[in-house]
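Next up, structure_20.tsv (TSV, C-alpha atoms):
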```tsv
chain	number	residue	atom	x	y	z
A	1	MET	CA	-10.44	188.78	-27.46
A	2	PHE	CA	-12.54	188.12	-30.56
A	3	THR	CA	-15.88	186.36	-30.24
A	4	SER	CA	-17.42	187.41	-33.58
A	5	PHE	CA	-16.53	187.35	-37.25
A	6	LEU	CA	-17.84	189.52	-40.06
A	7	ILE	CA	-18.09	187.37	-43.20
A	8	LYS	CA	-17.39	189.21	-46.44
A	9	TYR	CA	-18.50	188.00	-49.85
A	10	ALA	CA	-17.72	189.44	-53.25
A	11	GLU	CA	-19.53	187.97	-56.25
A	12	ILE	CA	-22.75	187.32	-54.35
A	13	GLY	CA	-23.09	191.07	-53.87
A	14	VAL	CA	-23.87	191.66	-57.56
A	15	LYS	CA	-26.66	189.07	-57.84
A	16	GLY	CA	-29.50	191.59	-57.85
A	17	LYS	CA	-32.93	190.34	-56.84
A	18	ASN	CA	-31.64	186.77	-56.40
A	19	ARG	CA	-28.93	187.84	-53.99
A	20	TYR	CA	-30.82	186.62	-50.92
A	21	LEU	CA	-30.84	183.06	-52.30
A	22	PHE	CA	-27.04	183.03	-52.48
A	23	GLU	CA	-26.75	184.67	-49.06
A	24	ASP	CA	-29.04	182.05	-47.54
A	25	ALA	CA	-27.03	179.26	-49.20
A	26	LEU	CA	-23.83	180.74	-47.78
A	27	VAL	CA	-25.37	180.92	-44.29
A	28	ARG	CA	-26.34	177.23	-44.58
A	29	GLN	CA	-22.82	176.26	-45.64
A	30	ILE	CA	-21.29	178.22	-42.76
A	31	LYS	CA	-23.64	176.59	-40.25
A	32	HIS	CA	-22.82	173.16	-41.66
A	33	VAL	CA	-19.06	173.59	-41.45
A	34	LEU	CA	-19.15	175.11	-37.96
A	35	LYS	CA	-20.78	171.93	-36.63
A	36	LYS	CA	-17.31	170.38	-36.92
A	37	CYS	CA	-15.74	173.04	-34.68
A	38	GLU	CA	-15.36	173.16	-30.95
A	39	GLY	CA	-18.00	175.41	-29.40
A	40	SER	CA	-21.41	176.77	-30.42
A	41	PHE	CA	-22.08	179.56	-32.89
A	42	GLN	CA	-24.91	181.76	-34.08
A	43	VAL	CA	-24.84	182.69	-37.77
A	44	ARG	CA	-26.99	185.69	-38.63
A	45	LYS	CA	-27.66	187.74	-41.73
A	46	THR	CA	-28.52	191.40	-41.32
A	47	ASP	CA	-28.30	194.53	-43.51
A	48	GLY	CA	-26.27	192.86	-46.24
A	49	ARG	CA	-23.81	191.43	-43.73
A	50	ILE	CA	-23.28	187.93	-42.36
A	51	TYR	CA	-21.95	187.55	-38.82
A	52	VAL	CA	-20.70	184.51	-36.94
A	53	ASP	CA	-21.01	184.94	-33.16
A	54	ALA	CA	-19.48	182.46	-30.73
A	55	VAL	CA	-21.94	181.70	-27.94
A	56	SER	CA	-19.57	179.45	-26.00
A	57	LYS	CA	-15.84	178.81	-25.66
A	58	PHE	CA	-14.29	178.07	-29.05
A	59	ASP	CA	-10.97	177.46	-30.79
A	60	TYR	CA	-10.17	180.61	-32.78
A	61	GLU	CA	-7.61	179.05	-35.15
A	62	GLU	CA	-9.78	176.01	-35.85
A	63	THR	CA	-12.82	178.14	-36.57
A	64	VAL	CA	-10.95	180.36	-39.01
A	65	ALA	CA	-9.45	177.28	-40.74
A	66	TYR	CA	-12.92	175.81	-41.32
A	67	LEU	CA	-14.38	179.12	-42.54
A	68	GLN	CA	-11.52	179.39	-45.04
A	69	LYS	CA	-12.90	176.27	-46.75
A	70	VAL	CA	-16.39	177.68	-47.37
A	71	PHE	CA	-16.85	178.72	-50.99
A	72	GLY	CA	-18.55	182.12	-51.25
A	73	ILE	CA	-16.52	183.70	-48.44
A	74	SER	CA	-14.05	186.29	-49.72
A	75	GLY	CA	-12.91	187.54	-46.31
A	76	ILE	CA	-13.17	186.67	-42.62
A	77	CYS	CA	-12.92	189.66	-40.30
A	78	PRO	CA	-12.46	189.14	-36.55
A	79	VAL	CA	-14.57	191.95	-35.07
A	80	VAL	CA	-15.13	193.63	-31.74
A	81	SER	CA	-18.70	194.82	-31.30
A	82	VAL	CA	-19.68	197.59	-28.87
A	83	GLU	CA	-22.91	199.30	-27.96
A	84	ASP	CA	-23.40	202.89	-29.08
A	85	GLU	CA	-22.61	204.87	-25.92
A	86	GLY	CA	-21.38	208.00	-27.64
A	87	PHE	CA	-18.26	208.92	-29.57
A	88	GLU	CA	-16.07	209.34	-26.49
A	89	LYS	CA	-16.72	205.76	-25.34
A	90	LEU	CA	-16.16	204.53	-28.91
A	91	GLY	CA	-12.80	206.31	-28.99
A	92	GLU	CA	-11.78	204.61	-25.74
A	93	ARG	CA	-12.73	201.23	-27.19
A	94	VAL	CA	-10.78	201.84	-30.40
A	95	VAL	CA	-7.68	202.84	-28.42
A	96	LYS	CA	-8.02	199.67	-26.33
A	97	TYR	CA	-8.47	197.59	-29.51
A	98	LEU	CA	-5.27	198.93	-31.03
A	99	ASP	CA	-3.39	198.36	-27.79
A	100	GLU	CA	-4.47	194.71	-27.61
A	101	VAL	CA	-4.03	193.84	-31.28
A	102	TYR	CA	-0.89	195.85	-32.08
A	103	PRO	CA	1.67	195.85	-29.21
A	104	ASP	CA	4.14	197.64	-31.51
A	105	LYS	CA	2.67	201.09	-32.09
A	106	HIS	CA	5.27	202.23	-34.63
A	107	LYS	CA	2.82	201.78	-37.48
A	108	THR	CA	0.85	203.84	-39.95
A	109	PHE	CA	-2.94	203.72	-40.00
A	110	LYS	CA	-6.06	204.88	-41.77
A	111	VAL	CA	-9.58	205.01	-40.33
A	112	VAL	CA	-12.36	203.84	-42.66
A	113	ALA	CA	-15.80	204.49	-41.17
A	114	ARG	CA	-19.07	203.32	-42.65
A	115	ARG	CA	-22.27	204.83	-41.27
A	116	ALA	CA	-25.02	202.38	-42.21
A	117	ARG	CA	-27.26	203.80	-39.47
A	118	LYS	CA	-27.99	207.33	-40.68
A	119	ASN	CA	-29.22	208.69	-37.34
A	120	TYR	CA	-25.68	208.57	-35.97
A	121	PRO	CA	-24.76	212.21	-35.24
A	122	MET	CA	-21.52	212.20	-37.26
A	123	ASP	CA	-21.02	211.26	-40.90
A	124	SER	CA	-18.27	208.95	-42.12
A	125	MET	CA	-15.77	211.69	-42.95
A	126	GLU	CA	-16.19	213.26	-39.52
A	127	ILE	CA	-15.71	209.89	-37.81
A	128	ASN	CA	-12.54	209.27	-39.83
A	129	ALA	CA	-11.04	212.64	-38.92
A	130	GLN	CA	-12.06	212.71	-35.25
A	131	MET	CA	-11.08	209.10	-34.58
A	132	GLY	CA	-7.71	209.70	-36.24
A	133	GLY	CA	-7.16	212.51	-33.76
A	134	VAL	CA	-8.12	210.28	-30.83
A	135	ILE	CA	-5.64	207.59	-31.96
A	136	LEU	CA	-2.80	210.08	-32.46
A	137	GLY	CA	-3.51	211.55	-29.05
A	138	ALA	CA	-3.24	208.12	-27.43
A	139	TYR	CA	-0.29	206.88	-29.50
A	140	PRO	CA	1.88	209.77	-30.78
A	141	GLU	CA	4.30	207.29	-32.34
A	142	MET	CA	1.66	206.23	-34.87
A	143	ARG	CA	1.23	208.08	-38.16
A	144	VAL	CA	-1.59	208.53	-40.65
A	145	ASP	CA	-1.09	207.11	-44.15
A	146	VAL	CA	-4.18	207.23	-46.36
A	147	HIS	CA	-2.51	205.42	-49.30
A	148	GLU	CA	-0.66	202.35	-47.96
A	149	PRO	CA	-1.29	202.12	-44.21
A	150	ASP	CA	-0.02	199.27	-42.05
A	151	ILE	CA	-3.39	199.22	-40.29
A	152	MET	CA	-6.70	199.74	-42.07
A	153	LEU	CA	-9.06	200.36	-39.14
A	154	HIS	CA	-12.69	199.76	-40.08
A	155	ILE	CA	-15.55	201.15	-37.99
A	156	GLU	CA	-19.06	200.17	-39.06
A	157	ILE	CA	-22.00	201.96	-37.44
A	158	ARG	CA	-24.93	199.55	-37.48
A	159	ASP	CA	-27.28	198.16	-34.80
A	160	LYS	CA	-24.05	197.91	-32.87
A	161	ILE	CA	-20.67	199.38	-33.74
A	162	TYR	CA	-18.19	196.94	-35.22
A	163	ILE	CA	-14.42	197.45	-35.13
A	164	TYR	CA	-11.97	195.39	-37.18
A	165	SER	CA	-8.67	195.75	-38.98
A	166	GLU	CA	-7.82	192.27	-40.29
A	167	ILE	CA	-9.37	190.58	-43.31
A	168	ILE	CA	-8.36	186.93	-43.48
A	169	PRO	CA	-8.76	185.75	-47.10
A	170	GLY	CA	-11.43	183.17	-47.86
A	171	PRO	CA	-11.58	180.90	-50.92
A	172	GLY	CA	-14.01	183.11	-52.86
A	173	GLY	CA	-16.35	181.61	-55.43
A	174	MET	CA	-20.00	180.74	-54.92
A	175	PRO	CA	-21.72	178.65	-52.21
A	176	VAL	CA	-21.79	174.95	-53.07
A	177	GLY	CA	-25.21	173.86	-54.31
A	178	THR	CA	-26.15	177.10	-56.04
A	179	GLY	CA	-24.82	175.90	-59.42
A	180	GLY	CA	-26.33	172.43	-59.82
A	181	LYS	CA	-24.47	169.10	-59.64
A	182	ALA	CA	-21.82	167.44	-61.81
A	183	MET	CA	-19.94	164.13	-61.94
A	184	LEU	CA	-16.16	164.22	-61.52
A	185	LEU	CA	-14.01	161.51	-63.09
A	186	LEU	CA	-11.64	161.14	-60.15
A	187	SER	CA	-8.33	159.32	-60.43
A	188	GLY	CA	-5.34	159.14	-58.13
A	189	GLY	CA	-3.44	161.80	-60.07
A	190	ILE	CA	-2.78	165.47	-59.46
A	191	ASP	CA	-5.23	166.94	-61.95
A	192	SER	CA	-8.72	165.57	-61.27
A	193	PRO	CA	-8.98	166.62	-57.59
A	194	VAL	CA	-8.00	170.14	-58.63
A	195	ALA	CA	-10.61	170.09	-61.39
A	196	GLY	CA	-13.28	169.06	-58.89
A	197	TYR	CA	-12.22	171.81	-56.50
A	198	MET	CA	-12.36	174.45	-59.22
A	199	ILE	CA	-15.83	173.51	-60.47
A	200	ALA	CA	-17.14	173.26	-56.89
A	201	LYS	CA	-15.81	176.78	-56.32
A	202	ARG	CA	-18.38	177.95	-58.85
A	203	GLY	CA	-21.18	176.60	-56.64
A	204	VAL	CA	-21.48	173.13	-58.20
A	205	LYS	CA	-22.19	170.11	-55.99
A	206	ILE	CA	-19.72	167.32	-56.78
A	207	ASP	CA	-20.22	163.57	-57.06
A	208	ALA	CA	-17.38	161.39	-58.36
A	209	VAL	CA	-16.67	158.14	-60.19
A	210	TYR	CA	-13.45	156.15	-59.86
A	211	PHE	CA	-12.44	153.29	-62.18
A	212	HIS	CA	-10.73	150.50	-60.25
A	213	ALA	CA	-8.90	147.61	-61.95
A	214	PRO	CA	-8.02	144.85	-59.48
A	215	PRO	CA	-5.67	143.01	-59.37
A	216	TYR	CA	-3.73	145.44	-61.61
A	217	THR	CA	-4.50	148.24	-59.18
A	218	SER	CA	-4.29	147.63	-55.45
A	219	GLU	CA	-6.59	148.47	-52.58
A	220	ARG	CA	-4.03	151.11	-51.65
A	221	ALA	CA	-4.68	152.81	-55.00
A	222	LYS	CA	-8.40	152.82	-54.23
A	223	GLN	CA	-7.77	154.16	-50.72
A	224	LYS	CA	-5.62	156.90	-52.22
A	225	VAL	CA	-8.61	158.06	-54.30
A	226	VAL	CA	-10.87	157.95	-51.23
A	227	ASP	CA	-8.29	160.05	-49.36
A	228	LEU	CA	-8.22	162.57	-52.23
A	229	ALA	CA	-12.02	162.73	-52.17
A	230	LYS	CA	-11.84	163.48	-48.44
A	231	LYS	CA	-9.48	166.39	-49.13
A	232	VAL	CA	-11.82	167.82	-51.77
A	233	ALA	CA	-14.87	167.19	-49.57
A	234	GLN	CA	-13.47	169.63	-47.01
A	235	TYR	CA	-14.47	172.31	-49.51
A	236	THR	CA	-17.42	170.69	-51.29
A	237	GLY	CA	-19.24	168.86	-48.52
A	238	PRO	CA	-20.02	165.11	-48.77
A	239	ILE	CA	-19.07	163.41	-52.05
A	240	TYR	CA	-20.83	160.29	-53.34
A	241	LEU	CA	-17.94	158.28	-54.79
A	242	HIS	CA	-19.01	155.60	-57.28
A	243	VAL	CA	-16.30	152.91	-57.58
A	244	ILE	CA	-16.51	150.95	-60.84
A	245	ASN	CA	-14.63	147.68	-61.39
A	246	PHE	CA	-13.14	148.29	-64.82
A	247	THR	CA	-10.85	145.25	-65.11
A	248	ASP	CA	-12.93	143.07	-67.44
A	249	ILE	CA	-13.70	145.99	-69.75
A	250	GLN	CA	-10.03	146.95	-69.95
A	251	MET	CA	-8.88	143.40	-70.64
A	252	TYR	CA	-11.50	142.95	-73.37
A	253	ILE	CA	-10.44	146.20	-75.04
A	254	TYR	CA	-6.81	145.11	-74.67
A	255	ASP	CA	-7.57	141.82	-76.45
A	256	GLN	CA	-9.76	143.21	-79.23
A	257	CYS	CA	-8.35	146.63	-80.18
A	258	PRO	CA	-5.04	148.01	-81.49
A	259	HIS	CA	-2.75	148.78	-78.58
A	260	ASP	CA	-1.89	152.28	-79.73
A	261	GLU	CA	-5.61	153.11	-79.36
A	262	LEU	CA	-6.10	151.49	-75.94
A	263	THR	CA	-6.06	154.70	-73.91
A	264	ILE	CA	-8.55	156.49	-76.18
A	265	ILE	CA	-11.00	153.59	-76.36
A	266	MET	CA	-10.78	152.89	-72.63
A	267	ARG	CA	-11.31	156.59	-71.98
A	268	ARG	CA	-14.37	156.59	-74.21
A	269	TYR	CA	-15.91	153.77	-72.17
A	270	MET	CA	-15.10	155.55	-68.94
A	271	MET	CA	-16.95	158.59	-70.23
A	272	ARG	CA	-19.93	156.46	-71.29
A	273	ILE	CA	-20.16	154.83	-67.85
A	274	ALA	CA	-19.62	158.12	-65.99
A	275	GLU	CA	-22.35	159.74	-68.06
A	276	HIS	CA	-24.75	156.87	-67.34
A	277	ILE	CA	-24.23	157.33	-63.59
A	278	ALA	CA	-24.41	161.11	-63.96
A	279	LYS	CA	-27.80	160.93	-65.65
A	280	GLU	CA	-29.14	158.53	-63.03
A	281	THR	CA	-28.04	160.88	-60.24
A	282	GLU	CA	-29.34	164.04	-61.94
A	283	CYS	CA	-25.94	165.54	-62.67
A	284	LEU	CA	-25.80	168.26	-65.32
A	285	GLY	CA	-22.36	167.46	-66.72
A	286	LEU	CA	-19.07	165.62	-66.38
A	287	ILE	CA	-15.83	167.07	-64.98
A	288	THR	CA	-12.35	165.94	-65.98
A	289	GLY	CA	-8.84	167.13	-65.15
A	290	GLU	CA	-7.67	167.20	-68.76
A	291	SER	CA	-5.28	169.87	-70.04
A	292	ILE	CA	-4.52	170.29	-73.74
A	293	GLY	CA	-1.38	168.43	-74.80
A	294	GLN	CA	-0.39	167.17	-71.36
A	295	VAL	CA	-0.48	163.51	-72.43
A	296	ALA	CA	-1.42	161.62	-75.58
A	297	SER	CA	-5.05	161.24	-74.53
A	298	GLN	CA	-5.37	165.01	-74.07
A	299	THR	CA	-4.48	166.33	-77.51
A	300	MET	CA	-7.22	168.20	-79.34
A	301	HIS	CA	-7.80	165.14	-81.54
A	302	SER	CA	-8.06	162.86	-78.50
A	303	LEU	CA	-10.43	165.18	-76.66
A	304	LEU	CA	-12.65	165.27	-79.74
A	305	ALA	CA	-12.68	161.46	-79.74
A	306	THR	CA	-13.69	161.19	-76.08
A	307	ASN	CA	-16.26	163.98	-76.36
A	308	GLU	CA	-18.03	162.18	-79.19
A	309	VAL	CA	-19.54	159.56	-76.87
A	310	CYS	CA	-21.06	162.11	-74.46
A	311	GLU	CA	-24.42	163.84	-74.56
A	312	LEU	CA	-23.86	165.78	-71.35
A	313	PRO	CA	-21.41	168.72	-71.42
A	314	VAL	CA	-17.86	167.92	-70.29
A	315	TYR	CA	-16.30	170.61	-68.08
A	316	ARG	CA	-12.50	170.85	-68.16
A	317	PRO	CA	-11.47	173.71	-65.86
A	318	LEU	CA	-7.74	172.95	-66.30
A	319	ILE	CA	-7.84	172.91	-70.10
A	320	GLY	CA	-5.42	175.85	-70.53
A	321	PHE	CA	-3.26	175.30	-67.43
A	322	ASP	CA	0.30	174.06	-67.44
A	323	LYS	CA	1.44	171.44	-64.95
A	324	MET	CA	3.09	173.89	-62.56
A	325	GLU	CA	-0.11	175.93	-62.27
A	326	ILE	CA	-2.08	172.76	-61.49
A	327	VAL	CA	0.51	171.64	-58.94
A	328	ALA	CA	0.32	175.04	-57.21
A	329	ILE	CA	-3.43	174.66	-56.69
A	330	SER	CA	-3.06	171.04	-55.54
A	331	GLU	CA	-0.56	172.20	-52.91
A	332	LYS	CA	-2.91	174.95	-51.79
A	333	ILE	CA	-5.80	172.51	-51.27
A	334	ASP	CA	-3.51	169.86	-49.73
A	335	THR	CA	-4.05	167.12	-52.33
A	336	TYR	CA	-0.55	167.13	-53.87
A	337	GLU	CA	1.24	164.89	-51.36
A	338	THR	CA	-1.53	162.30	-51.59
A	339	SER	CA	-1.64	162.47	-55.41
A	340	ILE	CA	2.06	161.66	-55.78
A	341	LEU	CA	1.90	158.49	-53.66
A	342	PRO	CA	3.20	155.62	-55.87
A	343	TYR	CA	-0.03	153.66	-56.29
A	344	GLU	CA	-0.94	153.30	-59.96
A	345	ASP	CA	-4.47	153.71	-61.27
A	346	CYS	CA	-6.05	151.78	-64.12
A	347	CYS	CA	-5.13	154.37	-66.75
A	348	THR	CA	-1.37	154.27	-66.16
A	349	ILE	CA	-1.23	150.45	-65.96
A	350	PHE	CA	-2.52	149.98	-69.52
A	351	VAL	CA	-0.76	152.85	-71.30
A	352	ALA	CA	0.70	151.77	-74.65
A	353	LYS	CA	4.36	152.39	-75.42
A	354	HIS	CA	3.43	154.53	-78.40
A	355	PRO	CA	-0.16	155.75	-77.99
A	356	VAL	CA	-1.87	157.46	-80.88
A	357	THR	CA	-1.93	161.25	-80.46
A	358	LYS	CA	-4.18	162.08	-83.41
A	359	PRO	CA	-6.89	159.44	-83.36
A	360	ASN	CA	-9.17	159.28	-86.38
A	361	LEU	CA	-12.80	159.06	-85.27
A	362	LYS	CA	-13.85	156.84	-88.16
A	363	ILE	CA	-11.06	154.37	-87.37
A	364	ILE	CA	-11.80	154.45	-83.64
A	365	ASN	CA	-15.48	153.74	-84.26
A	366	ARG	CA	-14.59	150.92	-86.65
A	367	HIS	CA	-12.25	149.31	-84.13
A	368	GLU	CA	-14.87	149.63	-81.38
A	369	GLN	CA	-17.07	147.37	-83.50
A	370	ASN	CA	-14.66	144.57	-82.49
A	371	LEU	CA	-16.14	144.90	-78.99
A	372	GLU	CA	-19.80	144.52	-79.91
A	373	GLU	CA	-20.09	140.87	-78.87
A	374	LYS	CA	-19.46	141.38	-75.16
A	375	ILE	CA	-18.94	145.06	-74.31
A	376	GLY	CA	-22.57	145.82	-73.46
A	377	GLU	CA	-22.71	142.88	-71.08
A	378	LEU	CA	-19.42	143.92	-69.43
A	379	VAL	CA	-20.53	147.53	-68.99
A	380	GLN	CA	-23.81	146.38	-67.45
A	381	ALA	CA	-21.94	144.08	-65.05
A	382	ALA	CA	-19.64	146.93	-64.04
A	383	LEU	CA	-22.62	149.16	-63.31
A	384	GLU	CA	-24.42	146.44	-61.34
A	385	THR	CA	-21.37	145.78	-59.14
A	386	GLU	CA	-20.68	149.47	-58.44
A	387	GLU	CA	-19.54	150.27	-54.91
A	388	LEU	CA	-20.85	153.54	-53.43
A	389	ILE	CA	-18.72	155.28	-50.81
A	390	ILE	CA	-20.03	158.42	-49.09
A	391	VAL	CA	-16.97	160.55	-48.43
A	392	SER	CA	-17.22	163.38	-45.92
```

Exercise: express the given structure as structure tokens:
Amino acid sequence: MFTSFLIKYAEIGVKGKNRYLFEDALVRQIKHVLKKCEGSFQVRKTDGRIYVDAVSKFDYEETVAYLQKVFGISGICPVVSVEDEGFEKLGERVVKYLDEVYPDKHKTFKVVARRARKNYPMDSMEINAQMGGVILGAYPEMRVDVHEPDIMLHIEIRDKIYIYSEIIPGPGGMPVGTGGKAMLLLSGGIDSPVAGYMIAKRGVKIDAVYFHAPPYTSERAKQKVVDLAKKVAQYTGPIYLHVINFTDIQMYIYDQCPHDELTIIMRRYMMRIAEHIAKETECLGLITGESIGQVASQTMHSLLATNEVCELPVYRPLIGFDKMEIVAISEKIDTYETSILPYEDCCTIFVAKHPVTKPNLKIINRHEQNLEEKIGELVQAALETEELIIVS
């Protein structure tokens, strides 16, 4: 029945003179994602509206599923478009629409007309009242409810007349690419994929870095991270995943530094390496999945210690979330089941039995001096042997 969709956006609508830039970015994202769908589509922007028109046979459910992963879309409305052939013909088409979409007529309704084309002979209030009468005449079992109707019937008078009553929720946010680019520290856990998703939702293009520690972490652990990146990439578009062999650095820190400080010092070197890659790839910040107090390396003292080594800003969208809130988002974006697969990453392998929770920066810096002989060489080797995986 439906061959067109009206795409609604929310935040883009308040962008003032720059609004067209965000609209154009959203159109590009929609076109990109629809290339994956069965069928051909035309995406057009007109009069503050974006429409997706199918120009060949297509899979309705698949198309909606892909559109629901485009940041910037707040609602997807399957529409019926008709030519303006007078109010009587419009009434007939509305009655037919209700008959096809709602077999059970024991429902309440409200007509919401919007007359964008001012030469239409009736104003919005007249359309609402007259069309309500037409519907009640065709279906006496229906009732009007202007407060909480079962059916909110929208009629938009534009170049054509568009009829719709369903608004399928989109992910919201801003189109990816309108907010710059940032580097995500991606692990195999629950938190970091969610953090990447949340920052991307604000229009930020995501690249990622993963620290691999063979033979202490397996190829399955690495594949798990690639699989998580694929899940996130459904929303963000292609992700450049930088895989860093961190084994030699970890073992050197393990040999030279107090074991209760291992996690903090290793984390500091991860941040240094991630920032180096971020600067080379023109990223504007780092993203982590840290949440205050969740583990020893995420206390306020620990976060201060890891922040000290960074010049770029570190974005932590989960900082005030509890674990259940993070899990709920991971389930929504379909990363949870992959995240809980039992393949350890390099952080969990080297966790001390009693890690320091309030690291002293002066002491941490003093103990890092134990690494001066070889750490620069090891970091350089890790960067030179980086593996780049393009995840789409």

In Å to one decimal, how far is CA of Ala208 in chain A from CA of Val391 in chain A?
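Interatomic distance here is 10.0 Å.
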
Please provide the set of residues having any atom within 12 Å of Gln130 in chain A, restricted to all atoms listed in the file, with same-chain residues fewer than 4 positions apart removed, written as a PyMOL selection string.
chain A and resi 87-88+90-91+94+110-113+122-126+134-137

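Nearest to Ile7 in chain A of all the residues A:Phe321, A:Tyr51, A:Tyr235, A:Phe22 is A:Tyr51, counting all atoms listed in the file.
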
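Remark: for Phe109 in chain A, the closest of the candidate residues A:Asp260, A:Glu85, A:Glu331, A:Asp145 is A:Asp145 (distances computed over all atoms listed in the file).
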
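When the distance limit is 12 Å and all atoms listed in the file are what count, the residues near Glu325 in chain A, minus those fewer than 5 positions from it on the same chain, are Ile190, Asp191, Val194, Ser291, Leu318, Ile319, Gly320, Ser330, Glu331 and Lys332 of chain A.
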
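Atom to atom, CA of Ala10 in chain A and CA of Thr46 in chain A stand 16.2 Å apart.
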
Tell me which residues come within 9 Å of (3.9, 201.1, -31.4), as a list of chain:residue names, counting all atoms listed in the file in the file's coordinates.
A:Asp99, A:Tyr102, A:Pro103, A:Asp104, A:Lys105, A:His106, A:Lys107, A:Tyr139, A:Pro140, A:Glu141, A:Met142

Could you state the separation of CA of Thr217 in chain A and CA of Leu388 in chain A in Å, given to one decimal place?
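Taking CA of Thr217 in chain A and CA of Leu388 in chain A, their separation equals 18.1 Å.
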
Measuring between only C-alpha atoms, which one of A:Val146, A:Val95, A:Val232, A:Met266 shows the shortest distance to Thr335 in chain A?
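Counting only C-alpha atoms, the residue closest to Thr335 in chain A is A:Val232.
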